[in-house]
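For reference, the structure discussed in these notes is given below.
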Amino acid sequence: MSGVHHPVESGLNGGHVSSRSWWIYRGTGRPLADIRLGDILPPPPGWRNFDGGPVLPPVPAESAETDRRLGAVGRATPRQDPHDIDLINTALLLRRPLLVTGRPGIGKSTLAYLVARELGLGRVLHWGITSRSTLRSGLYEYDAIGRAQASLGHPRPAAPAPGPPGEASGESGEPPGAGGAPRIGDFVRLGPLGTALLPYELPRVLLIDELDKSDIDLPNDLLHVLENGSYAIPELVRARHQEGRARVFTDDPDGTAPVDDGLVRCRAFPFVVITSNGERQFPAAFLRRCVRLDVSPPREDQLAAMIAAHFRDQDGRHTAMIQAFLERSRESGGLATDQLLNAVYLRTAGVRDDDETWGELLDALWRQLSGAP
């Protein structure tokens with residue numbers, strides 16, 4: 001690792017950010033160049049070592065969604081505090097979820113995309129939590145009605161003949177729904193959490209967004225899955241003698257994956273980012289299984305870098321607006337960063353600050369988020 005890491009990393013506007021020798025993720029905003037993560041990531045602790053299989057190939061990056069959130073590669077990236085990067089790397093090395101707390105709109109969810117881009121971990125799996133979210137909805141969905149309707153037009157297939165020794169039964173090599181009578185796997189779709197726990201060689205990045213919106217039981221329900229890195233799909237377990245290896249749909253577009261005997265067990269524990277607005281307390285048993293990061297509101301230099309990441313040739317042109325935004329944010333109890341981006345976009349679209357409507361527009365865009373009129 002000493003040949004990979006450097007004591008100093010160039011920062012915004014020629015500044016420097018100290019870098020620890022043990023960091024894997026350094027918060028540069030740039031993908032690792034000519035470096036394979038599997039070669040520099042230390043093995044997990046013995047109690048976080050998993051052996052799921054068969055090993056799946058890596059997934060491609062989703063540049064459109066990442067660029068939408070972070071700006072194009074090569075643009076300025078807001079400097080993260082070394083303490084924040086310490087905790088991100090701690091979660092990465094310990095294979096533990098990162099619980100990120102802070103007020104709404106300060107960029108908690110972007111951490112998942114920053115890590116995925118820099119470490120080349122592919123598309124971020126996003127599980128947006130609502131009051132109706134359940135553990136099962138994060139793991140998988142089974143379309144029982146669809147299978148019943150499809151079965152009306154097909155006789156029940158006979159169990160496949162045993163294959164050569166060591167070969168799982170029921171695996172045709174075809175994607176779900178390809179030819180013949182429908183199989184149970186054709187009607188199973190893994191959710192974001194379920195997909196993240198598939199046996200990939202490198203960790204997937206999973207964003208569990210706004211967990212404090214969930215039902216009170218969901219954090220406790222997550223404990224077993226996050227601790228053991230595995231789960232069962234009962235519908236496939238019951239059919240394992242007829243469909244030993246089922247191919248199911250995943251949360252990736254057009255993605256499929258094999259599942260043996262209805263059991264999913266990860267190989268590389270995913271990098272899990274769980275965000276919370278601090279609106280509720282979580283159980284102690286849940287908290288002790290997470291690395292906890294409290295995110296502070298962005299500083300002036302970080303907001304300037306964020307603007308430069310989304311708008312060309314804007315570096316340094318909006319200092320007065322940033323300062324006004326920070327002052328308004330302090331007065332109103334906190335504004336979201338996208339409220340600043342909206343104002344910058346109007347300025348770049350031709351709305352001038354000496355226009356008689358500019359002040360009214362800012363008042364409309366920078367209204368406080370507490371719910372007061």
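Residue names in the structure tokens use chain letters A, B, ... in the order shown, residue numbers from 1 in each chain, and ligand numbers from 1 in the order shown.
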
Residues of segment 39-159 of chain A classed as alpha helix (DSSP H) by DSSP on the backbone are to be reported as an MDAnalysis selection string.
chainID A and resid 39:40 63:70 82:94 110:119 135:139 144:151

All residues 9 Å or closer to segment 48-61 of chain A, only C-alpha atoms, same chain fewer than 4 positions away omitted, as number ranges by chain:
A: 43-44, 66, 94-96, 116-117, 120-124, 198-202, 204, 227-230, 252, 257-260, 264-269

Provide the atom CA of Leu93 of chain A to atom CA of Arg288 of chain A distance in Å, to one decimal place.
16.0 Å

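The nearest approach to Phe271 of chain A among the residues A:Ala336, A:Cys290, A:Met306, A:Met321, with only C-alpha atoms taken into account, belongs to A:Cys290.
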
Calculated over only C-alpha atoms, which of the candidates A:Leu87, A:Leu70, A:Leu263, A:Leu98 has the smallest distance to Asp209 of chain A?
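Between A:Leu87, A:Leu70, A:Leu263, A:Leu98, the residue approaching Asp209 of chain A most closely is A:Leu98.
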
Let me make sure I understand: among A:Arg280, A:Arg30, A:Arg189, A:His241, which one has the smallest atom-to-atom distance to Gly255 of chain A if we use only C-alpha atoms?
A:Arg189

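Shortest separation to Ile233 of chain A among A:Arg347, A:Arg136, A:Arg36, A:Arg312 occurs at residue A:Arg136, atoms counted being only C-alpha atoms.
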
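Proximity of A:Ser214, A:Ser63, A:Ser109, A:Thr28 to Thr134 of chain A, computed with only C-alpha atoms, is greatest for A:Ser214.
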
Please report the interatomic distance between atom CA of Leu114 of chain A and atom CA of Gly27 of chain A in Å with one decimal.
7.3 Å

Do you have the atom CA of Pro104 of chain A-atom CA of Leu211 of chain A distance handy?
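For atom CA of Pro104 of chain A relative to atom CA of Leu211 of chain A, the distance reads 12.6 Å.
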
Check the smallest atom-to-atom distance from each of A:Leu365, A:Val115, A:Pro78, A:Ile216 to Arg132 of chain A using only C-alpha atoms, then report the winner.
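Using only C-alpha atoms, Arg132 of chain A sits closest to A:Ile216.
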
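Residues lying within 9 Å of Leu303 of chain A, counting only C-alpha atoms and ignoring same-chain neighbours fewer than 5 positions away, are Pro78, Pro298, Ala308, Ile322, Thr337 and Leu340 of chain A.
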
Kindly save the residues from that selection, with all heavy atoms included, as an mmCIF file, in the first residue's frame.
```
data_model
loop_
_atom_site.group_PDB
_atom_site.id
_atom_site.type_symbol
_atom_site.label_atom_id
_atom_site.label_comp_id
_atom_site.auth_asym_id
_atom_site.auth_seq_id
_atom_site.Cartn_x
_atom_site.Cartn_y
_atom_site.Cartn_z
ATOM 1 N N PRO A 78 -15.590 19.388 -3.826
ATOM 2 C CA PRO A 78 -15.489 19.941 -2.470
ATOM 3 C C PRO A 78 -14.575 19.093 -1.596
ATOM 4 O O PRO A 78 -14.688 17.868 -1.578
ATOM 5 C CB PRO A 78 -16.935 19.909 -1.964
ATOM 6 C CG PRO A 78 -17.769 19.935 -3.211
ATOM 7 C CD PRO A 78 -16.993 19.173 -4.234
ATOM 8 N N PRO A 298 -21.826 22.503 4.854
ATOM 9 C CA PRO A 298 -20.661 22.819 4.013
ATOM 10 C C PRO A 298 -20.127 24.221 4.279
ATOM 11 O O PRO A 298 -20.879 25.157 4.546
ATOM 12 C CB PRO A 298 -21.203 22.685 2.591
ATOM 13 C CG PRO A 298 -22.676 22.818 2.717
ATOM 14 C CD PRO A 298 -23.042 22.270 4.055
ATOM 15 N N ALA A 308 -18.528 24.977 -8.882
ATOM 16 C CA ALA A 308 -17.598 24.753 -9.988
ATOM 17 C C ALA A 308 -17.759 23.362 -10.599
ATOM 18 O O ALA A 308 -17.477 23.154 -11.778
ATOM 19 C CB ALA A 308 -16.163 24.952 -9.502
ATOM 20 N N ILE A 322 -22.631 33.161 -2.322
ATOM 21 C CA ILE A 322 -22.363 32.114 -1.341
ATOM 22 C C ILE A 322 -22.417 32.691 0.067
ATOM 23 O O ILE A 322 -23.007 32.106 0.983
ATOM 24 C CB ILE A 322 -21.005 31.454 -1.612
ATOM 25 C CG1 ILE A 322 -21.045 30.656 -2.922
ATOM 26 C CG2 ILE A 322 -20.607 30.533 -0.462
ATOM 27 C CD1 ILE A 322 -19.706 30.118 -3.363
ATOM 28 N N THR A 337 -28.210 22.637 0.043
ATOM 29 C CA THR A 337 -27.257 23.086 -0.968
ATOM 30 C C THR A 337 -27.900 23.241 -2.339
ATOM 31 O O THR A 337 -27.461 24.076 -3.133
ATOM 32 C CB THR A 337 -26.073 22.117 -1.058
ATOM 33 O OG1 THR A 337 -26.564 20.782 -1.279
ATOM 34 C CG2 THR A 337 -25.261 22.128 0.232
ATOM 35 N N LEU A 340 -28.983 26.708 -3.163
ATOM 36 C CA LEU A 340 -27.942 27.578 -3.708
ATOM 37 C C LEU A 340 -27.728 27.298 -5.191
ATOM 38 O O LEU A 340 -27.608 28.230 -6.001
ATOM 39 C CB LEU A 340 -26.634 27.373 -2.942
ATOM 40 C CG LEU A 340 -25.408 28.115 -3.493
ATOM 41 C CD1 LEU A 340 -25.619 29.622 -3.490
ATOM 42 C CD2 LEU A 340 -24.159 27.734 -2.697
#
```
